[in-house]
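Trainee: Can you keep this structure in mind? I'll have questions shortly.
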Amino acid sequence: MSDWEVVIGLEIHAQLATKSKIFSGSATAYGAPPNTQANLVDLAYPGVLPVLNAEAVRMAVKFGLSIGAEVARRSVFARKNYFYPDLPKGYQISQYELPVVKQGKLQILVDDGAVKTVGITRAHLEEDAGKSLHEGLGAASGIDLNRAGTPLLEIVSEPDMRSAKEAVAYMKKIHTLVRYLEICDGNMQEGSFRCDANVSVRPRGREKFGTRAEIKNLNSFRFVEKAIHYEVARQIELLESGGSVLQETRLYDSDKDETRSMRSKEEANDYRYFPDPDLLPVQIDESFISAVRATLPELPDDKAARFARDFNLSAYDAGVLSASRELGAYFESVVGAMHASHGGPGMATQGLREAGTAERNELSPAHAKLAANWVMGELSSALNRDNLDIAASRVSPLQLSGLLARIVDQTISGKIAKEVFETMWSEGKPADAIIEASGLKQITDAGAIEGVIDAVIAANPKQLADYRAGKDKLFGFFVGQVMKATGGKANPAQLNELLQAKLKGK
Amino acid sequence: MLHNLSIGELGRSLTAGQISSVELTRHFLGRIERLNPALNAVITLTAEQALAEAAAADRRRAAGEQAPLLGIPLIHKDIFCTDGVRTSCGSRMLDNFIAPYDATVVTRLKTAGAVMLGKANMDEFAMGSSNETSFYGPVKNPWDLSKVPGGSSGGSAAAAAARLAVFTTGTDTGGSIRQPAALTGVTGVKPTYGRVSRFGMIAFASSLDQAGVLARSAADAAVVLQAMAGFDPQDSTSIDTPVPDYPAALDQPLAGLKIGLLREFFEGLEARNAALIHDALKIYRSLGAQTVDVSLPHLPLSVPTYYVVAPAECSSNLSRFDGVRFGYRCKQPRDLLDLYKRSRGEGFGAEVKRRIMTGTYVLSAGYFDAYYLKAQKVRRLITDDFRAAFEQADLLIGPTTPTPAFAIGAKIDDPITMYLNDIYTIGANLAGLPGLSLPCGFVDGLPMGLQLIGPHFSESKLLNAAHRFQTATDWHQRSPRGYEQ
């Protein structure tokens, strides 16, 4: 179906990591018993009034600055009016005409490794609704208002994405960003980070957008991808069979892997937006903005660029290692520790680097590459296997650097190192102790290796004769025999050299 | 008689030990029991709680405390949430609603030591100008039981006029303190928008609502406002500016004060009513004030502007009354929609429904610009008119209402005529200005009110001007017949 072009825009809802709600003092912690984190304001009791949580504004501004957006000096909260039991006031307070963040952009890596810029139309503050509960209550429905009034930042993209993959790449990038900024915990299972996808298709080459469908409440990257795939296929099939796409809201059913119509445009509510007279316009001045700017961490793109430049990593590796602040910090700690213990002549020796500092690292790129491979390889798979966050890693950066140091100084081979790592992971001991205790130390004593070689040659006269007659391939046989005899501990380079000499009868 | 004494006089008697707050409270509870059945001004009596509060006030006074409101009985308009006490807002919707917290106004007066006797009747959700829209029935005007007391703070006004409490609280969205104060011959103050906290005051139109006081004199009102006013972090629209000492400013001379005569307020005003205002002006001139003519050209647009803005806000504010969490719920709802429709249909009265529908309409897609936005623009023009007027005058003066109290039932079926009753009061709400109504004479045996409007945060000046008038006149001391004893 290459003659159709897919057009996607995302509305991402990031729950802001404030301690209290956006307009009340109730706690926002997840998982409390129903209605234990809902006070009179959240319950919309007669007479109560909202008071804006300044922290939520600070976080929204932080986000705006991180995407190079305009921070509105004046933004306004409006009321979005509709009746629903999980919406106690009968209106949601949300920024409508005047959002706090306008016109930003974000870069994503697309399939062919190229960089694509996605426009962000706006990001606005609003309150979340409560939840309706239908299970275990017989014929009745229950309402849990713990979530009501939780601050959300709704991040609205331009319709700039052209495939499900791009949409996921964009969503992941925002996910990384909000966690970098520490404004959202990014927990998708708990609904802290979710999105609505606006999807349409158009004949390639046509400028006018097709009619879009909005798929609501996607709470995993996989669902975003699958829902878009399904929806694109549905729309193309519809159009190719002579039908037309309806502007409507659809729901993705992950069990059936399909989207279903929720309500059409005709059924859509008239929300009767108007400025909330209980709240003053939010006025943000230059000093507020510079104070927030001063709290910005090194951003993911900057960190990736620095990794690529200073450690000579590929764009891909640098991207993976900067995907979270914690992972980046771990990697830098490993490199820093290696640097400290192996700073040779001409290298500045220094202690552990502060995570996130932008100082130039003068470590040899080969060592950084080794650290990168181990962090992305053995360490990541061990974390995945045990379903652990980097913060809960059973092997600390210092311990990992201790292991890598033994590879660098040829005490052990890379292959043995993997065994040592597994032991470190399960037993929590330092690399050196394990190498010592299990005699895994590489044999680099030429005399010892020569002794083994002599024994192997003596035991295999026929193979020796054949080799000398020109069967070069038998070299590998001898290597294997020596390795077998040394339990794999012979230094491979040395073994090669010594074996060649011996076989040639020197 | 105790019920004719001012707050200052009562304070001195209490301090001197001539009376106790418990005695004073019993006195007023007795009056309510005797006089309220004919008036229907008080809809909830909290006698037990009042006597306990009075006893506590007596103990505080015995311990040497001398706060001016310590042990002084009051009645709250039933729009203010009162912890553990029914807060109905005059509606069937909240007939079963026991508020779980105190409004800031209630807390402040409680802290000042005032004793709550009960809750006053009012137009349903403060929507009305005659107190006839209350679920609890109309309030009667103590000057003539066949007449309305005005609204929406009709119960508060009638209670203050009939001396059922030393003072009462009210709220004013389009004149709801000043108009009933005028029609019942008491002094009513609507402060600057943001001067008194709205927290715990059930919202009608958030950008216009303001709490205030109804009392028998400006001097008493000054003492009460002193306790009510001030910044409240729980109300984002309350303003953090110092509260001046209102009682201290009461006696300032008026020499040099420039009083602006609002030309638009006299157009079409009946001659006898206009004469009372002109008599009042003579008194002000005799007190050293000058009068200048001023004009508010956009003022005639204030009623239509108000009846777009206020219903728009109310349509949204009243959405929370949905039968789900508190208040009235219809019997045997079939489903969610039925629950909403019947709970609201049965819980709200006709006037409230009219305004919710009007407000829903003016905010609807396609009508928003033509109504709501246009009204906001006119509101700005009216505000600008006032600003220009205050460049010529320190205070503005005019009648509070076009006519004295009208007969119960006379206007209830004609909303437009009823709405026009607020023509002189609505402007101050749209511009957020403080306004005060004080008695200035009688027409056909019914009291008329003189209205003063000042710039933002000029309460001190308004109270001063009203107090000086009241030291030169005795209209405010007149008591309706049958309520003197």
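Chain lettering (A, B, ...) mirrors the order of the structure tokens, residue numbering begins at 1 for each chain separately, and ligand numbering begins at 1 in order of display.
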Fewer than 2 positions away in the same chain doesn't count, so skip those; otherwise give me all residues within 8 Å of Val395 in chain A, counting only C-alpha atoms, as a VMD selection string.

Mentor: chain A and resid 393 397 399 to 400 424 to 425 428

Trainee: Find the nearest atom pair between each residue of chain B and chain A for residues within 10 Å, count only C-alpha atoms, give distances in Å to one decimal, sort rows by chain and ascending number, and present the table as a tab-separated table.

Mentor:
residue	atom	partner	partner_atom	distance
B:Ile79	CA	A:Gly47	CA	8.5
B:Phe80	CA	A:Gly47	CA	7.7
B:Cys81	CA	A:Gly47	CA	7.0
B:Thr87	CA	A:Pro46	CA	9.3
B:Cys89	CA	A:Pro46	CA	9.7
B:Leu94	CA	A:Pro46	CA	9.4
B:Phe97	CA	A:Pro46	CA	9.5
B:Ala99	CA	A:Pro46	CA	8.3
B:Pro100	CA	A:Leu40	CA	8.6
B:Tyr101	CA	A:Leu40	CA	8.9
B:Asp102	CA	A:Gly47	CA	9.6
B:Ala103	CA	A:Gly47	CA	7.5
B:Arg198	CA	A:Gly47	CA	7.6
B:Phe199	CA	A:Val48	CA	5.7
B:Gly200	CA	A:Gly47	CA	4.0
B:Met201	CA	A:Gly47	CA	4.7
B:Ile202	CA	A:Gly47	CA	4.0
B:Ala203	CA	A:Gly47	CA	6.0
B:Phe204	CA	A:Gly47	CA	9.7
B:Ala205	CA	A:Pro277	CA	8.4
B:Ser206	CA	A:Pro277	CA	5.7
B:Ser207	CA	A:Pro277	CA	5.4
B:Leu208	CA	A:Pro277	CA	9.2
B:Pro233	CA	A:Val51	CA	7.8
B:Gln234	CA	A:Val51	CA	6.4
B:Asp235	CA	A:Leu49	CA	6.1
B:Ser236	CA	A:Val51	CA	5.8
B:Thr237	CA	A:Asp278	CA	6.5
B:Ser238	CA	A:Asp278	CA	9.8
B:Ala312	CA	A:Phe274	CA	8.8
B:Glu313	CA	A:Pro277	CA	7.9
B:Ser315	CA	A:Asn81	CA	9.4
B:Ser316	CA	A:Asn81	CA	6.8
B:Asn317	CA	A:Lys89	CA	7.7
B:Leu318	CA	A:Gly90	CA	8.2
B:Ser319	CA	A:Gly90	CA	4.8
B:Arg320	CA	A:Lys89	CA	4.5
B:Phe321	CA	A:Lys89	CA	8.2
B:Asp322	CA	A:Gly90	CA	8.1
B:Gly323	CA	A:Pro85	CA	9.6
B:Val324	CA	A:Pro85	CA	6.9
B:Arg325	CA	A:Leu43	CA	7.7
B:Phe326	CA	A:Tyr45	CA	8.0
B:Gly327	CA	A:Pro46	CA	9.7
B:Leu336	CA	A:Pro85	CA	8.5
B:Leu337	CA	A:Phe83	CA	9.4
B:Tyr340	CA	A:Phe83	CA	8.5
B:Gly359	CA	A:Arg272	CA	9.8
B:Thr360	CA	A:Arg272	CA	7.6
B:Tyr361	CA	A:Arg272	CA	9.0
B:Val362	CA	A:Arg272	CA	8.8
B:Leu363	CA	A:Arg272	CA	5.1
B:Ser364	CA	A:Arg272	CA	5.3
B:Ala365	CA	A:Asp270	CA	6.5
B:Tyr367	CA	A:Arg272	CA	9.9
B:Phe368	CA	A:Arg272	CA	8.0
B:Tyr372	CA	A:Phe274	CA	8.7
B:Leu373	CA	A:Phe274	CA	9.4

Trainee: Which value, in Å to one decimal, gives the distance between CA of Arg74 in chain A and CA of Asp369 in chain B?

Mentor: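 Pair CA of Arg74 in chain A / CA of Asp369 in chain B returns 21.4 Å.
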
Trainee: One decimal, in Å: what's the spacing between CA of Asn384 in chain A and CA of Gln189 in chain A?

Mentor: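 The value is 17.0 Å.
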
Trainee: Extract the full set of helix (DSSP H, G or I) residues from range 90-319 of chain B according to DSSP on the backbone, and format it as a count of residues only.

Mentor: 85

Trainee: How many Å separate CA of Asp209 in chain B from CA of Gly175 in chain B?

Mentor: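 Atom-to-atom, CA of Asp209 in chain B to CA of Gly175 in chain B, that is 9.8 Å.
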
Trainee: Report the residues of range 78-182 of chain B whose backbone DSSP state falls under strand (DSSP E or B), written as a list in words.

Mentor: Phe80, Thr82, Val85, Arg86, Ile98, Val115, Met116, Leu117, Gly118, Lys119, Ala120, Asn141, Asp144, Lys147, Phe167, Thr168, Thr169, Gly170 and Thr171 of chain B

Trainee: Quick one: residues within 8 Å of range 298-307 of chain A, only C-alpha atoms counted, chain neighbours fewer than 5 positions away excluded, as an MDAnalysis selection string?

Mentor: chainID A and resid 66 176:177 180 312:313 315 318:319 321:325 356:358

Trainee: Give me a file of those residues, with N, CA and C atoms, as a compact mmCIF listing (two decimals), in the first residue's frame.

Mentor:
# COMPACT_ATOMS: atom_id res chain seq x y z
N SER A 66 12.95 22.90 27.96
CA SER A 66 13.72 21.77 27.44
C SER A 66 13.41 21.47 25.98
N THR A 176 11.61 9.84 27.78
CA THR A 176 12.97 10.05 28.28
C THR A 176 13.12 11.46 28.86
N LEU A 177 12.61 12.42 28.11
CA LEU A 177 12.76 13.82 28.50
C LEU A 177 12.09 14.13 29.84
N TYR A 180 14.07 12.69 32.59
CA TYR A 180 15.29 13.49 32.78
C TYR A 180 15.00 14.72 33.62
N ASN A 312 33.78 8.76 21.54
CA ASN A 312 33.86 8.23 20.19
C ASN A 312 32.85 7.08 19.99
N LEU A 313 31.68 7.23 20.54
CA LEU A 313 30.65 6.19 20.39
C LEU A 313 29.82 6.48 19.15
N ALA A 315 26.31 7.02 17.09
CA ALA A 315 25.11 7.75 17.48
C ALA A 315 24.13 6.81 18.17
N ALA A 318 25.41 6.02 21.75
CA ALA A 318 25.28 7.23 22.58
C ALA A 318 23.81 7.45 22.94
N GLY A 319 22.93 7.16 21.98
CA GLY A 319 21.49 7.31 22.21
C GLY A 319 21.00 6.34 23.28
N LEU A 321 22.76 4.84 25.62
CA LEU A 321 23.34 5.10 26.94
C LEU A 321 22.81 6.38 27.58
N SER A 322 22.20 7.24 26.78
CA SER A 322 21.65 8.48 27.37
C SER A 322 20.12 8.40 27.47
N ALA A 323 19.57 7.22 27.27
CA ALA A 323 18.11 7.08 27.26
C ALA A 323 17.50 7.36 28.62
N SER A 324 18.29 7.19 29.68
CA SER A 324 17.81 7.65 30.98
C SER A 324 18.99 8.26 31.72
N ARG A 325 18.66 9.17 32.61
CA ARG A 325 19.72 9.82 33.38
C ARG A 325 20.51 8.80 34.17
N GLY A 356 26.50 13.26 35.06
CA GLY A 356 25.87 14.38 34.38
C GLY A 356 26.76 15.59 34.15
N THR A 357 27.98 15.56 34.63
CA THR A 357 28.81 16.73 34.37
C THR A 357 29.27 16.69 32.92
N ALA A 358 29.51 17.84 32.41
CA ALA A 358 29.80 17.92 30.98
C ALA A 358 31.30 18.06 30.72

Trainee: Show me, as a ChimeraX atom specification, the residues that have an atom within 9 Å of Gly212 in chain B when counting only C-alpha atoms, minus same-chain residues fewer than 3 positions from it.

Mentor: /B:168-172,177,188-191,196,221,224-225,228-229

Trainee: Those residues you just picked out, can you put them in a file as a PDB file, in the first residue's frame with N, CA and C atoms?

Mentor:
ATOM      1  N   THR B 168     -26.236  40.466  60.676  1.00  0.00           N
ATOM      2  CA  THR B 168     -26.331  39.236  59.876  1.00  0.00           C
ATOM      3  C   THR B 168     -25.310  39.327  58.741  1.00  0.00           C
ATOM      4  N   THR B 169     -24.969  38.175  58.193  1.00  0.00           N
ATOM      5  CA  THR B 169     -24.084  38.167  57.026  1.00  0.00           C
ATOM      6  C   THR B 169     -24.921  37.997  55.770  1.00  0.00           C
ATOM      7  N   GLY B 170     -24.357  38.439  54.665  1.00  0.00           N
ATOM      8  CA  GLY B 170     -25.041  38.298  53.385  1.00  0.00           C
ATOM      9  C   GLY B 170     -24.029  38.141  52.278  1.00  0.00           C
ATOM     10  N   THR B 171     -24.523  37.928  51.088  1.00  0.00           N
ATOM     11  CA  THR B 171     -23.651  37.941  49.911  1.00  0.00           C
ATOM     12  C   THR B 171     -24.337  38.775  48.846  1.00  0.00           C
ATOM     13  N   ASP B 172     -23.506  39.346  47.984  1.00  0.00           N
ATOM     14  CA  ASP B 172     -24.003  40.304  47.011  1.00  0.00           C
ATOM     15  C   ASP B 172     -23.361  39.998  45.657  1.00  0.00           C
ATOM     16  N   ILE B 177     -27.046  42.200  48.823  1.00  0.00           N
ATOM     17  CA  ILE B 177     -26.969  42.750  50.182  1.00  0.00           C
ATOM     18  C   ILE B 177     -27.639  44.125  50.199  1.00  0.00           C
ATOM     19  N   GLY B 188     -26.329  47.978  54.669  1.00  0.00           N
ATOM     20  CA  GLY B 188     -25.705  46.785  54.074  1.00  0.00           C
ATOM     21  C   GLY B 188     -24.446  47.158  53.319  1.00  0.00           C
ATOM     22  N   VAL B 189     -23.385  46.397  53.534  1.00  0.00           N
ATOM     23  CA  VAL B 189     -22.106  46.681  52.875  1.00  0.00           C
ATOM     24  C   VAL B 189     -21.689  45.514  51.992  1.00  0.00           C
ATOM     25  N   LYS B 190     -21.483  45.828  50.728  1.00  0.00           N
ATOM     26  CA  LYS B 190     -20.876  44.877  49.802  1.00  0.00           C
ATOM     27  C   LYS B 190     -19.456  45.355  49.560  1.00  0.00           C
ATOM     28  N   PRO B 191     -18.463  44.613  50.084  1.00  0.00           N
ATOM     29  CA  PRO B 191     -17.075  45.070  49.958  1.00  0.00           C
ATOM     30  C   PRO B 191     -16.540  44.904  48.531  1.00  0.00           C
ATOM     31  N   VAL B 196     -13.172  40.072  50.947  1.00  0.00           N
ATOM     32  CA  VAL B 196     -13.599  39.043  51.891  1.00  0.00           C
ATOM     33  C   VAL B 196     -13.533  37.703  51.168  1.00  0.00           C
ATOM     34  N   ALA B 221     -21.533  47.906  61.195  1.00  0.00           N
ATOM     35  CA  ALA B 221     -21.036  47.208  60.012  1.00  0.00           C
ATOM     36  C   ALA B 221     -19.513  47.286  59.939  1.00  0.00           C
ATOM     37  N   VAL B 224     -17.960  44.679  62.144  1.00  0.00           N
ATOM     38  CA  VAL B 224     -18.129  43.320  61.599  1.00  0.00           C
ATOM     39  C   VAL B 224     -17.203  43.109  60.399  1.00  0.00           C
ATOM     40  N   LEU B 225     -17.167  44.118  59.512  1.00  0.00           N
ATOM     41  CA  LEU B 225     -16.323  43.978  58.328  1.00  0.00           C
ATOM     42  C   LEU B 225     -14.853  43.835  58.719  1.00  0.00           C
ATOM     43  N   MET B 228     -14.339  40.295  59.212  1.00  0.00           N
ATOM     44  CA  MET B 228     -14.538  39.438  58.039  1.00  0.00           C
ATOM     45  C   MET B 228     -13.443  39.589  56.996  1.00  0.00           C
ATOM     46  N   ALA B 229     -12.916  40.792  56.842  1.00  0.00           N
ATOM     47  CA  ALA B 229     -12.046  41.097  55.703  1.00  0.00           C
ATOM     48  C   ALA B 229     -10.644  40.546  55.875  1.00  0.00           C
TER      49      ALA B 229
END

Trainee: Please provide as a PyMOL selection string all residues within 7 Å of range 418-423 of chain B, with the sequence filter that same-chain residues fewer than 5 positions apart are discarded (counting only C-alpha atoms).

Mentor: chain B and resi 129+174-175+303+401-402+411-412

Trainee: My list of candidates is A:Leu10, A:Leu379, A:Ala72, A:Ala60. Which is closest to Leu218 in chain A when distances are computed with only C-alpha atoms?

Mentor: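 Result for the nearest residue to Leu218 in chain A: A:Leu10.
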
Trainee: Might you pull out every residue within 9 Å of Ile239 in chain B, with only C-alpha atoms counted and same-chain residues fewer than 6 positions away left off, and present them as a count of residues only?

Mentor: 8

Trainee: Which of these, A:Lys429, A:Lys441, A:Arg385, A:Lys19, has the shortest distance to Ile416 in chain A once you count only C-alpha atoms?

Mentor: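 For Ile416 in chain A, the nearest of the given residues is A:Lys441.
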
Trainee: Which residues are near His27 in chain B? Cut-off 12 Å, only C-alpha atoms, ignore same chain within fewer than 2 positions. Put them as a list in words.

Mentor: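 In the requested form, the answer reads Met1, Leu2, His3, Asn4, Ile19, Ser20, Ser21, Val22, Glu23, Leu24, Thr25, Leu29, Gly30, Arg31, Ile32, Glu33, Arg34, Ala47, Ala50, Leu51, Ala54, Ile72, Pro73, Leu117, Arg163, Leu164, Ala165, Val166 and Gln485 of chain B.
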